[in-house]
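J.: Here you go, this is model-v4.cif (mmCIF, C-alpha atoms).
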```cif
data_upload
#
loop_
_atom_site.label_atom_id
_atom_site.label_comp_id
_atom_site.auth_asym_id
_atom_site.auth_seq_id
_atom_site.Cartn_x
_atom_site.Cartn_y
_atom_site.Cartn_z
CA MET A 93 -261.46 -118.59 102.41
CA ALA A 94 -260.15 -122.11 101.82
CA GLU A 95 -258.11 -123.79 104.57
CA GLN A 96 -254.37 -123.50 104.01
CA ASN A 97 -252.74 -126.75 102.88
CA THR A 98 -249.27 -126.17 101.45
CA LYS A 99 -248.66 -129.79 100.45
CA PHE A 100 -251.90 -129.91 98.47
CA GLY A 101 -251.10 -126.51 96.98
CA ILE A 102 -247.73 -127.78 95.74
CA TRP A 103 -249.37 -130.77 94.04
CA LEU A 104 -251.91 -128.44 92.44
CA MET A 105 -249.06 -126.27 91.11
CA VAL A 106 -247.33 -129.37 89.69
CA LEU A 107 -250.60 -130.39 88.00
CA THR A 108 -251.07 -126.84 86.69
CA THR A 109 -247.61 -126.74 85.11
CA PHE A 110 -248.22 -130.13 83.48
CA VAL A 111 -251.57 -129.00 82.06
CA PHE A 112 -250.07 -125.75 80.75
CA ALA A 113 -247.21 -127.70 79.13
CA LEU A 114 -249.80 -129.85 77.34
CA GLN A 115 -251.58 -126.65 76.28
CA ASP A 116 -248.33 -125.32 74.82
CA GLY A 117 -247.73 -128.56 72.93
CA ILE A 118 -251.23 -128.52 71.42
CA SER A 119 -250.82 -124.84 70.54
CA ARG A 120 -247.62 -125.63 68.71
CA HIS A 121 -249.24 -128.54 66.86
CA LEU A 122 -252.19 -126.43 65.68
CA SER A 123 -250.06 -123.40 64.82
CA ASP A 124 -247.90 -125.55 62.55
CA SER A 125 -250.95 -125.90 60.29
CA TYR A 126 -253.19 -122.92 61.09
CA ASN A 127 -252.76 -119.22 61.70
CA VAL A 128 -251.81 -118.44 65.30
CA TYR A 129 -254.38 -115.61 65.49
CA MET A 130 -257.26 -117.96 64.70
CA VAL A 131 -256.03 -120.59 67.18
CA VAL A 132 -255.77 -118.02 69.98
CA MET A 133 -259.17 -116.53 69.09
CA ILE A 134 -261.02 -119.83 69.45
CA ARG A 135 -259.11 -120.62 72.63
CA TYR A 136 -260.14 -117.25 74.09
CA TRP A 137 -263.81 -117.78 73.27
CA PHE A 138 -263.82 -120.79 75.56
CA PHE A 139 -261.69 -119.00 78.15
CA ALA A 140 -264.06 -116.01 78.25
CA ALA A 141 -267.04 -118.34 78.72
CA PHE A 142 -265.17 -120.03 81.57
CA VAL A 143 -264.35 -116.69 83.20
CA MET A 144 -267.96 -115.50 82.96
CA ALA A 145 -269.22 -118.79 84.41
CA ILE A 146 -266.86 -118.41 87.37
CA ALA A 147 -267.87 -114.76 87.85
CA GLY A 148 -271.56 -115.62 87.66
CA ARG A 149 -271.20 -117.96 90.63
CA GLN A 150 -269.62 -115.29 92.84
CA ALA A 151 -271.53 -112.91 95.10
CA GLY A 152 -272.97 -110.09 93.00
CA GLY A 153 -272.53 -112.01 89.75
CA LEU A 154 -271.13 -110.49 86.57
CA LYS A 155 -271.93 -106.92 87.61
CA ALA A 156 -269.77 -107.20 90.72
CA ALA A 157 -266.96 -108.91 88.83
CA ALA A 158 -266.89 -106.16 86.19
CA ALA A 159 -266.89 -103.30 88.72
CA THR A 160 -263.58 -101.40 88.55
CA THR A 161 -262.30 -97.84 88.88
CA GLN A 162 -259.45 -98.52 86.45
CA PRO A 163 -261.10 -100.05 83.35
CA TRP A 164 -258.52 -98.88 80.82
CA LEU A 165 -255.68 -100.43 82.78
CA GLN A 166 -257.64 -103.66 83.11
CA VAL A 167 -258.31 -103.68 79.36
CA PHE A 168 -254.64 -103.05 78.65
CA ARG A 169 -253.73 -106.06 80.81
CA GLY A 170 -256.07 -108.27 78.80
CA VAL A 171 -254.73 -107.01 75.47
CA LEU A 172 -251.14 -107.44 76.66
CA LEU A 173 -251.75 -111.06 77.67
CA VAL A 174 -253.29 -111.89 74.28
CA ALA A 175 -250.32 -110.31 72.51
CA GLU A 176 -247.91 -112.28 74.74
CA ILE A 177 -249.67 -115.53 73.81
CA TRP A 178 -249.41 -114.67 70.10
CA VAL A 179 -245.68 -114.02 70.49
CA MET A 180 -245.01 -117.13 72.59
CA ILE A 181 -246.85 -119.52 70.28
CA THR A 182 -244.92 -118.01 67.38
CA ALA A 183 -241.75 -118.81 69.33
CA PHE A 184 -242.90 -122.43 69.69
CA VAL A 185 -243.19 -122.70 65.91
CA LEU A 186 -239.87 -120.94 65.22
CA LEU A 187 -237.71 -122.45 67.97
CA GLY A 188 -239.65 -125.32 69.52
CA LEU A 189 -240.96 -125.85 73.04
CA THR A 190 -237.61 -126.62 74.67
CA GLU A 191 -235.62 -123.54 73.70
CA SER A 192 -238.61 -121.20 73.90
CA HIS A 193 -239.35 -122.22 77.48
CA ALA A 194 -235.67 -122.13 78.43
CA VAL A 195 -235.55 -118.44 77.51
CA PHE A 196 -239.05 -117.68 78.85
CA THR A 197 -238.02 -118.80 82.36
CA ALA A 198 -236.28 -115.43 82.66
CA TYR A 199 -239.63 -113.68 83.24
CA PRO A 200 -239.43 -113.76 87.10
CA LEU A 201 -236.09 -111.98 86.83
CA LEU A 202 -237.71 -109.33 84.61
CA VAL A 203 -240.50 -108.99 87.20
CA ALA A 204 -237.88 -108.36 89.89
CA ALA A 205 -236.01 -105.86 87.70
CA LEU A 206 -239.15 -103.90 86.80
CA SER A 207 -240.84 -104.02 90.22
CA GLY A 208 -239.00 -100.85 91.24
CA PRO A 209 -240.12 -98.46 88.49
CA ILE A 210 -243.64 -99.94 88.17
CA LEU A 211 -244.59 -100.89 91.75
CA GLY A 212 -242.17 -98.68 93.66
CA GLU A 213 -240.53 -101.65 95.38
CA LYS A 214 -236.93 -101.55 96.51
CA VAL A 215 -234.68 -104.08 94.77
CA GLY A 216 -231.52 -104.72 96.80
CA TRP A 217 -228.06 -105.59 95.53
CA ARG A 218 -228.60 -109.31 96.13
CA ARG A 219 -231.58 -109.48 93.82
CA TRP A 220 -229.86 -107.27 91.25
CA SER A 221 -226.92 -109.70 91.36
CA ALA A 222 -229.30 -112.64 90.82
CA ILE A 223 -230.91 -110.79 87.90
CA GLY A 224 -227.49 -110.27 86.34
CA VAL A 225 -226.56 -113.94 86.80
CA GLY A 226 -229.87 -114.99 85.29
CA PHE A 227 -229.26 -112.98 82.16
CA VAL A 228 -225.87 -114.60 81.83
CA GLY A 229 -227.90 -117.79 81.51
CA VAL A 230 -230.00 -116.17 78.77
CA VAL A 231 -226.84 -115.21 76.87
CA ILE A 232 -225.53 -118.78 77.19
CA ILE A 233 -228.77 -120.09 75.65
CA LEU A 234 -228.76 -117.53 72.84
CA GLN A 235 -225.08 -118.12 71.98
CA PRO A 236 -224.42 -114.73 70.34
CA SER A 237 -221.27 -116.12 68.72
CA GLY A 238 -223.27 -118.73 66.80
CA GLY A 239 -225.59 -121.65 67.47
CA VAL A 240 -229.24 -120.77 68.06
CA PHE A 241 -228.71 -117.00 68.00
CA SER A 242 -230.88 -115.36 65.37
CA PRO A 243 -233.73 -112.86 65.33
CA HIS A 244 -235.99 -115.84 66.15
CA ALA A 245 -234.19 -116.34 69.47
CA ILE A 246 -235.37 -112.91 70.65
CA VAL A 247 -239.05 -113.87 70.25
CA PRO A 248 -239.45 -115.83 73.55
CA LEU A 249 -237.47 -113.13 75.37
CA VAL A 250 -239.96 -110.54 74.13
CA ALA A 251 -242.77 -112.83 75.34
CA ALA A 252 -241.08 -113.07 78.75
CA LEU A 253 -240.87 -109.27 78.96
CA MET A 254 -244.55 -108.92 78.03
CA PHE A 255 -245.61 -111.54 80.59
CA ALA A 256 -243.50 -109.88 83.29
CA LEU A 257 -245.20 -106.55 82.55
CA TYR A 258 -248.59 -108.28 82.64
CA GLY A 259 -247.76 -109.76 86.05
CA LEU A 260 -246.62 -106.42 87.44
CA LEU A 261 -249.73 -104.65 86.17
CA THR A 262 -251.82 -107.40 87.77
CA SER A 263 -250.15 -106.60 91.10
CA TYR A 264 -250.72 -102.90 90.51
CA VAL A 265 -254.46 -103.16 89.78
CA ALA A 266 -254.84 -105.54 92.76
CA ARG A 267 -254.34 -102.53 95.03
CA ARG A 268 -257.86 -101.40 94.13
CA ASP A 269 -259.55 -104.38 92.41
CA THR A 270 -260.26 -107.92 93.56
CA ALA A 271 -258.70 -110.97 91.92
CA ALA A 272 -262.15 -111.89 90.55
CA THR A 273 -262.41 -108.52 88.81
CA SER A 274 -258.95 -108.81 87.25
CA PHE A 275 -259.72 -112.37 86.10
CA PHE A 276 -263.00 -111.21 84.52
CA TRP A 277 -261.37 -108.37 82.59
CA THR A 278 -258.50 -110.61 81.50
CA GLY A 279 -260.90 -113.06 79.89
CA VAL A 280 -263.41 -110.65 78.39
CA SER A 281 -261.06 -107.97 77.03
CA GLY A 282 -258.73 -110.71 75.83
CA ALA A 283 -261.52 -112.44 73.94
CA VAL A 284 -262.61 -109.20 72.28
CA THR A 285 -259.03 -108.42 71.23
CA ALA A 286 -258.38 -111.94 69.96
CA THR A 287 -261.62 -111.85 67.94
CA LEU A 288 -260.97 -108.42 66.39
CA VAL A 289 -257.68 -109.75 65.02
CA GLY A 290 -258.36 -113.47 64.59
CA ALA A 291 -261.59 -113.05 62.60
CA TRP A 292 -259.51 -111.79 59.66
CA PHE A 293 -257.47 -114.99 59.59
CA TRP A 294 -260.22 -117.62 59.67
CA GLU A 295 -259.48 -120.79 57.73
CA PRO A 296 -261.14 -124.23 57.55
CA MET A 297 -260.00 -126.75 60.14
CA SER A 298 -260.09 -130.53 59.74
CA ALA A 299 -262.26 -132.68 62.02
CA PRO A 300 -259.27 -134.22 63.91
CA ASP A 301 -257.82 -130.77 64.50
CA TRP A 302 -261.15 -129.54 65.87
CA GLY A 303 -260.67 -132.32 68.43
CA TRP A 304 -257.24 -130.92 69.29
CA MET A 305 -258.78 -127.45 69.43
CA ALA A 306 -261.38 -128.67 71.92
CA LEU A 307 -258.63 -130.23 74.02
CA LEU A 308 -256.69 -126.95 73.89
CA CYS A 309 -259.70 -125.09 75.25
CA ILE A 310 -260.20 -127.66 78.01
CA THR A 311 -256.56 -127.57 79.10
CA GLY A 312 -256.61 -123.77 79.13
CA ALA A 313 -259.68 -123.58 81.38
CA SER A 314 -258.65 -126.47 83.63
CA GLY A 315 -255.13 -125.07 84.03
CA HIS A 316 -256.47 -121.71 85.18
CA TYR A 317 -258.93 -123.46 87.51
CA THR A 318 -256.24 -125.55 89.22
CA LEU A 319 -254.05 -122.45 89.48
CA ILE A 320 -256.85 -120.53 91.20
CA LYS A 321 -257.38 -123.42 93.61
CA CYS A 322 -253.63 -123.63 94.20
CA TYR A 323 -253.46 -120.02 95.37
CA GLU A 324 -256.57 -120.54 97.49
CA VAL A 325 -255.03 -123.31 99.59
CA ALA A 326 -251.37 -122.21 99.75
CA GLU A 327 -249.27 -119.05 99.84
CA ALA A 328 -247.88 -117.98 96.48
CA SER A 329 -244.32 -117.83 97.85
CA ALA A 330 -244.53 -121.48 98.88
CA VAL A 331 -245.74 -122.87 95.55
CA GLN A 332 -244.20 -120.46 93.03
CA PRO A 333 -240.82 -122.28 92.83
CA PHE A 334 -242.64 -125.34 91.49
CA ALA A 335 -243.91 -123.29 88.52
CA TYR A 336 -240.49 -123.91 86.95
CA LEU A 337 -241.56 -127.51 86.38
CA GLN A 338 -243.36 -126.26 83.28
CA LEU A 339 -239.91 -125.99 81.68
CA VAL A 340 -239.27 -129.66 82.49
CA PHE A 341 -242.65 -130.86 81.21
CA ALA A 342 -242.55 -128.69 78.06
CA SER A 343 -239.01 -129.81 77.26
CA ALA A 344 -239.93 -133.47 77.72
CA LEU A 345 -242.93 -132.98 75.42
CA GLY A 346 -240.83 -131.18 72.83
CA MET A 347 -238.21 -133.92 72.76
CA THR A 348 -240.58 -136.90 72.75
CA VAL A 349 -243.36 -135.61 70.48
CA PHE A 350 -241.70 -133.00 68.29
CA ASN A 351 -238.23 -134.60 68.10
CA GLU A 352 -236.50 -131.56 69.56
CA THR A 353 -233.02 -131.82 71.05
CA LEU A 354 -231.73 -130.35 74.29
CA ARG A 355 -228.37 -128.83 73.47
CA PRO A 356 -225.83 -128.50 76.34
CA ASN A 357 -225.78 -124.69 76.27
CA VAL A 358 -229.60 -124.57 76.53
CA ALA A 359 -229.58 -126.94 79.52
CA MET A 360 -226.78 -125.01 81.24
CA GLY A 361 -228.40 -121.62 80.62
CA ALA A 362 -231.79 -122.86 81.84
CA VAL A 363 -230.25 -124.18 85.08
CA ILE A 364 -228.59 -120.80 85.71
CA ILE A 365 -231.83 -118.88 85.01
CA VAL A 366 -233.92 -121.15 87.26
CA ALA A 367 -231.36 -120.95 90.09
CA ALA A 368 -231.31 -117.14 89.85
CA GLY A 369 -235.11 -117.05 89.75
CA LEU A 370 -235.41 -119.26 92.82
CA PHE A 371 -232.98 -117.00 94.66
CA THR A 372 -235.04 -113.90 93.87
CA LEU A 373 -238.17 -115.68 95.11
CA TRP A 374 -236.35 -116.65 98.31
CA ARG A 375 -235.11 -113.09 98.86
CA GLU A 376 -238.62 -111.74 98.32
CA ARG A 377 -239.97 -114.19 100.91
CA VAL A 378 -237.23 -113.24 103.41
CA LYS A 379 -237.92 -109.55 102.86
CA ARG A 380 -241.61 -110.00 103.52
#
```
Can you turn what I pasted into structure tokens?

T.:
Amino acid sequence: MAEQNTKFGIWLMVLTTFVFALQDGISRHLSDSYNVYMVVMIRYWFFAAFVMAIAGRQAGGLKAAAATTQPWLQVFRGVLLVAEIWVMITAFVLLGLTESHAVFTAYPLLVAALSGPILGEKVGWRRWSAIGVGFVGVVIILQPSGGVFSPHAIVPLVAALMFALYGLLTSYVARRDTAATSFFWTGVSGAVTATLVGAWFWEPMSAPDWGWMALLCITGASGHYTLIKCYEVAEASAVQPFAYLQLVFASALGMTVFNETLRPNVAMGAVIIVAAGLFTLWRERVKR
């Protein structure tokens, strides 16, 4: 086990959020010109190779990494994550990075809300209050009386719900499987799913865009690697609040590269959601 170093872990989380924001920007760029299913398929090929390389270096190799008593649940997790990525990249194209990430930041609140029925955890009135406040922030962003509100605005919220469910199922399978096993099944079952769908949407890609595709694959693998290292050297509760920096980095990228604008209601709603999310993380840490 790696020696605990919270300060280093925080910097690794900051780097991870920056890399993932770059990944989202590249995904949006490619999905403006190519089908999202093909983009995700190629990305998952590289990710699966990365996962298998990591598993091969562990004790017992691929056989040990694949060993599980709950294969169907592990496969469902992998399929769910692929579907969430499809939905989220679609949101980037429809709404842009800034507004998509502003709504997506609600996923920790969804995790807290669903932890009771799925994991059997007790959610007290303080966390329920924070969840309610956070969804006020979502409503402010969506502006049901006008503004951005449209069927498109629901897309990143659906992605947030899917990612929250994925996270909860990851916690559930962790009761019987190791993190290495869950990581292996995420990559392999995800790659199979992405290929079964994406192969039907293949289209020629220009040479410059193959360069962007290669960079997308590299950022995906490197982001997961730094995240793994982050959790090796620091407790999740200590570094998780810094994951919200992805909203900052993605918004900055959206405004500078894609000429997006940060409307006042989006900024206000995002601040409310992040504050509520940080409170739920704090309450979880106090409870533990």

J.: For the structure provided, state which residues fall under the PyMOL selection byres ((chain A and resi 103-116) around 7), and present them as JSON, numbers by chain.

T.: {"A": [99, 100, 101, 102, 117, 118, 119, 120, 308, 311, 312, 315, 318, 319, 322, 331, 334, 335, 337, 338, 341, 342]}

J.: Apply the PyMOL selection byres ((chain A and resi 294) around 9) to the structure shown and report the selected residues as a PyMOL selection string.

T.: chain A and resi 126-127+129-130+290-293+295-296

J.: Using only C-alpha atoms, which of the listed residues (A:Val349, A:Ala266, A:Ala330, A:Ala272) sits closest to A:Ala151?

T.: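 Smallest distance to A:Ala151 is found for A:Ala272.
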
J.: Name the residues, using the chain letters and numbers of the file, that sit within 7 Å of (-248.9, -111.2, 77.8) when counting all atoms listed in the file, and give them as number ranges by chain.

T.: A: 172-177, 251, 254-255, 258

J.: My list of candidates is A:Val340, A:Met347, A:Cys309, A:Ala283. Which is closest to A:Val171 when distances are computed with only C-alpha atoms?

T.: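 That would be A:Ala283, the residue with the smallest distance to A:Val171.
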
J.: Name all residues at most 10 Å from A:Thr353 (count only C-alpha atoms; drop same-chain ones fewer than 5 positions away) and give them as a list of chain:residue names.

T.: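 The neighbour list is A:Gly188, A:Thr190, A:Glu191, A:Ser343, A:Ala344, A:Gly346, A:Met347, A:Thr348, A:Val358.
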
J.: For the file shown, what are the residues hit by the PyMOL selection byres ((chain A and resi 229) around 10), laid out as a list of chain:residue names?

T.: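 On the file shown, the PyMOL selection byres ((chain A and resi 229) around 10) covers A:Ala194, A:Val195, A:Ala198, A:Ile223, A:Gly224, A:Val225, A:Gly226, A:Phe227, A:Val228, A:Val230, A:Val231, A:Ile232, A:Ile233, A:Leu234, A:Gln235, A:Asn357, A:Val358, A:Ala359, A:Met360, A:Gly361, A:Ala362, A:Val363, A:Ile364, A:Ile365, A:Val366, A:Ala367, A:Ala368.
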
J.: Would you pick out the contacts of A:Ala147 at 7 Å or less, using only C-alpha atoms, so that residues sharing its chain but fewer than 3 positions from it are not included, and give the list as a list of chain:residue names?

T.: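 So the residues in contact are A:Val143, A:Met144, A:Gln150, A:Gly153, A:Leu154, A:Ala157, A:Ala272, A:Phe276.
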
J.: Which value, in Å to one decimal, gives the distance between atom CA of A:Phe138 and atom CA of A:Val247?

T.: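 Calculated distance between atom CA of A:Phe138 and atom CA of A:Val247 is 26.3 Å.
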
J.: Can you pull out every residue within 12 Å of A:Thr270, counting all atoms listed in the file, but drop anything in the same chain fewer than 6 positions away, and send it as a short mmCIF file (atom, residue, chain, number, x, y, z; two decimals) with C-alpha atoms, in the coordinates of the input?

T.:
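Written out: result.cif:
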```
data_model
loop_
_atom_site.label_atom_id
_atom_site.label_comp_id
_atom_site.auth_asym_id
_atom_site.auth_seq_id
_atom_site.Cartn_x
_atom_site.Cartn_y
_atom_site.Cartn_z
CA ALA A 147 -267.87 -114.76 87.85
CA GLN A 150 -269.62 -115.29 92.84
CA ALA A 156 -269.77 -107.20 90.72
CA ALA A 157 -266.96 -108.91 88.83
CA ALA A 158 -266.89 -106.16 86.19
CA ALA A 159 -266.89 -103.30 88.72
CA THR A 160 -263.58 -101.40 88.55
CA THR A 161 -262.30 -97.84 88.88
CA GLN A 162 -259.45 -98.52 86.45
CA GLN A 166 -257.64 -103.66 83.11
CA THR A 262 -251.82 -107.40 87.77
CA SER A 263 -250.15 -106.60 91.10
CA TYR A 264 -250.72 -102.90 90.51
CA PHE A 276 -263.00 -111.21 84.52
CA TRP A 277 -261.37 -108.37 82.59
#
```

J.: For atom CA of A:Phe196 and atom CA of A:Gly369, quote the distance in Å rounded to one decimal.

T.: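 Between atom CA of A:Phe196 and atom CA of A:Gly369 the gap works out to 11.6 Å.
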
J.: Which residue out of A:Val128, A:Leu339, A:Ala140, A:Ile146 has the minimum interatomic distance to A:Tyr317 when only C-alpha atoms are used?

T.: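 Ranking A:Val128, A:Leu339, A:Ala140, A:Ile146 by distance to A:Tyr317, first place goes to A:Ile146.
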